[in-house]
Amino acid sequence: MKASKIVIDYEEYDSLSEMEPLDRELVLAAIEGQAGSYAPYSGFNVGAAVRLEDGTIVKGSNQENSAYPPGLCAERTAMFAASAHNPGKAFESIAIVGGFGFTQADSPCAPCGACRQVMAEYQTKSGRPMSIIMYGKTKTLKFSKVEDILPVIFDSFDEKER
Ligand code: THU
C-alpha cells in the first residue's frame, strides 16, 4: 500500500473585472444563455457557454420537464449543441452561471457529476485541456482541466489500452 494524495490547483476571482477578457466574455455569454432557461419546477436558472477552438461561442441553459428526468442541465445543453453544430472542433472552455429567478448567485455555480463526465468526454475527444469557469457574483473559480473537477476519471480509452 502506498498512501497518496491529489492536489488540485485552481484560480479564484472576486469579480468579473479581475478576469482575463476571453474568460469574462464567456461568463457574459453564459449569462446571456441563462435567459433561455426553462426551469418552472426548480426556479433555478442556469446558463452555460462553450468556447470552441476557433473562438465560436455556443450558449445553453437548463431545460426542465414535468416528468423531471428528461430535463437537461445547462452545461450539457450547451456542450451537445456545440458538438452537434460544430463536429470536429475542439472545446476550449466552458463557463457556468446560475441563480434563482434569472439572477446570478454570489457563490460559484458548480456543475453536477453527469455534466463533469460529459465534459471529460469532449475534453478527450478534443485532445486538449478544457478549462471550466464557475461564476459567482462574489467568487468565481477557474479550473484548467476536467481532471481537476473530476479526479480519477472514467475514460473508456483506458479500457482499450488494457
Ligand atoms: N442544473 C444545471 O443546469 N446544471 C448543473 O450542473 C446543476 C443543476 C439545473 C438542473 C435543474 O434544472 C436545476 O438546475 C435545479 O437542479
# chains A, B, ... in the order shown; residues from 1 in each chain; ligands from 1
>>> residues_near_ligand(ligand="ligand 1", cutoff="9 Å", atoms="only C-alpha atoms and all ligand atoms", output="MDAnalysis selection string")
chainID A and resid 37:48 60:65 68 71:77 96:99 109:116
>>> select_by_dssp(residues="region 14-150 of chain A", states="alpha helix (DSSP H)", output="ChimeraX atom specification")
/A:21-34,74-85,113-126
>>> closest_residue(among="A:Ala3, A:Glu53, A:Pro69, A:Leu141", to="Gly127 (chain A)", atoms="only C-alpha atoms")
A:Glu53
>>> select_by_dssp(residues="chain A", states="strand (DSSP E)", output="PyMOL selection string")
chain A and resi 11-13+44-52+57-61+91-100+131-134+140-143
>>> write_last_selection(atoms="N, CA and C atoms", output="tab-separated table (two decimals), in the first residue's frame")
chain	number	residue	atom	x	y	z
A	11	GLU	N	-7.91	28.77	-9.79
A	11	GLU	CA	-7.84	30.21	-9.57
A	11	GLU	C	-9.16	30.71	-9.01
A	12	GLU	N	-9.06	31.76	-8.20
A	12	GLU	CA	-10.26	32.34	-7.59
A	12	GLU	C	-10.31	33.82	-7.93
A	13	TYR	N	-11.46	34.30	-8.33
A	13	TYR	CA	-11.63	35.71	-8.70
A	13	TYR	C	-12.76	36.31	-7.86
A	44	PHE	N	-34.60	27.45	-10.55
A	44	PHE	CA	-33.16	27.72	-10.59
A	44	PHE	C	-32.70	27.79	-12.04
A	45	ASN	N	-32.32	28.97	-12.45
A	45	ASN	CA	-31.97	29.20	-13.86
A	45	ASN	C	-30.45	29.13	-14.04
A	46	VAL	N	-30.05	28.26	-14.95
A	46	VAL	CA	-28.62	28.06	-15.20
A	46	VAL	C	-28.31	28.39	-16.65
A	47	GLY	N	-27.17	29.02	-16.84
A	47	GLY	CA	-26.70	29.32	-18.20
A	47	GLY	C	-25.28	28.80	-18.35
A	48	ALA	N	-24.93	28.40	-19.56
A	48	ALA	CA	-23.57	27.92	-19.82
A	48	ALA	C	-23.15	28.40	-21.20
A	49	ALA	N	-21.85	28.53	-21.38
A	49	ALA	CA	-21.34	28.90	-22.70
A	49	ALA	C	-20.03	28.15	-22.93
A	50	VAL	N	-19.93	27.57	-24.13
A	50	VAL	CA	-18.74	26.80	-24.52
A	50	VAL	C	-17.99	27.61	-25.57
A	51	ARG	N	-16.67	27.70	-25.37
A	51	ARG	CA	-15.83	28.33	-26.41
A	51	ARG	C	-15.11	27.22	-27.18
A	52	LEU	N	-15.21	27.29	-28.50
A	52	LEU	CA	-14.55	26.30	-29.35
A	52	LEU	C	-13.20	26.84	-29.80
A	57	ILE	N	-18.64	30.72	-29.83
A	57	ILE	CA	-19.24	30.52	-28.51
A	57	ILE	C	-20.65	29.95	-28.69
A	58	VAL	N	-20.92	28.85	-28.00
A	58	VAL	CA	-22.24	28.23	-28.06
A	58	VAL	C	-22.86	28.28	-26.67
A	59	LYS	N	-24.08	28.82	-26.59
A	59	LYS	CA	-24.74	29.00	-25.30
A	59	LYS	C	-25.76	27.91	-25.02
A	60	GLY	N	-26.03	27.69	-23.76
A	60	GLY	CA	-27.05	26.74	-23.37
A	60	GLY	C	-27.69	27.15	-22.06
A	61	SER	N	-28.77	26.47	-21.71
A	61	SER	CA	-29.47	26.75	-20.46
A	61	SER	C	-30.20	25.49	-20.03
A	91	PHE	N	-13.13	21.72	-27.94
A	91	PHE	CA	-13.68	22.59	-26.89
A	91	PHE	C	-12.50	23.21	-26.14
A	92	GLU	N	-12.58	24.52	-25.93
A	92	GLU	CA	-11.50	25.20	-25.22
A	92	GLU	C	-11.87	25.47	-23.75
A	93	SER	N	-13.09	25.95	-23.54
A	93	SER	CA	-13.50	26.28	-22.18
A	93	SER	C	-15.02	26.31	-22.07
A	94	ILE	N	-15.48	26.26	-20.81
A	94	ILE	CA	-16.93	26.37	-20.55
A	94	ILE	C	-17.12	27.26	-19.32
A	95	ALA	N	-18.12	28.12	-19.38
A	95	ALA	CA	-18.46	28.97	-18.22
A	95	ALA	C	-19.88	28.62	-17.78
A	96	ILE	N	-20.11	28.67	-16.48
A	96	ILE	CA	-21.41	28.30	-15.92
A	96	ILE	C	-21.87	29.38	-14.94
A	97	VAL	N	-23.12	29.77	-15.06
A	97	VAL	CA	-23.71	30.73	-14.11
A	97	VAL	C	-25.06	30.18	-13.66
A	98	GLY	N	-25.51	30.55	-12.49
A	98	GLY	CA	-26.81	30.08	-12.06
A	98	GLY	C	-27.35	30.88	-10.89
A	99	GLY	N	-28.67	30.86	-10.77
A	99	GLY	CA	-29.30	31.54	-9.65
A	99	GLY	C	-30.82	31.44	-9.78
A	100	PHE	N	-31.51	31.65	-8.68
A	100	PHE	CA	-32.98	31.61	-8.72
A	100	PHE	C	-33.51	32.88	-9.38
A	131	SER	N	-10.85	24.29	-19.97
A	131	SER	CA	-10.97	24.98	-18.69
A	131	SER	C	-12.44	25.17	-18.32
A	132	ILE	N	-12.67	25.23	-17.02
A	132	ILE	CA	-14.03	25.32	-16.50
A	132	ILE	C	-14.10	26.55	-15.59
A	133	ILE	N	-15.04	27.44	-15.89
A	133	ILE	CA	-15.20	28.66	-15.11
A	133	ILE	C	-16.56	28.60	-14.42
A	134	MET	N	-16.53	28.57	-13.08
A	134	MET	CA	-17.78	28.52	-12.30
A	134	MET	C	-18.00	29.90	-11.72
A	140	THR	N	-15.59	33.54	-8.14
A	140	THR	CA	-15.58	32.71	-9.35
A	140	THR	C	-14.37	31.79	-9.28
A	141	LEU	N	-14.58	30.53	-9.66
A	141	LEU	CA	-13.49	29.57	-9.67
A	141	LEU	C	-13.15	29.20	-11.10
A	142	LYS	N	-11.86	29.07	-11.38
A	142	LYS	CA	-11.44	28.62	-12.71
A	142	LYS	C	-10.48	27.43	-12.56
A	143	PHE	N	-10.86	26.35	-13.21
A	143	PHE	CA	-10.02	25.13	-13.23
A	143	PHE	C	-9.52	24.96	-14.66
>>> closest_residue(among="A:Asp14, A:Asp23, A:Asp155, A:Glu32", to="Lys125 (chain A)", atoms="only C-alpha atoms")
A:Asp155
>>> residues_around(residues="Leu16 (chain A)", least_positions_apart="6", cutoff="9 Å", atoms="only C-alpha atoms", output="PyMOL selection string")
chain A and resi 23-24+27+135+137-138+140
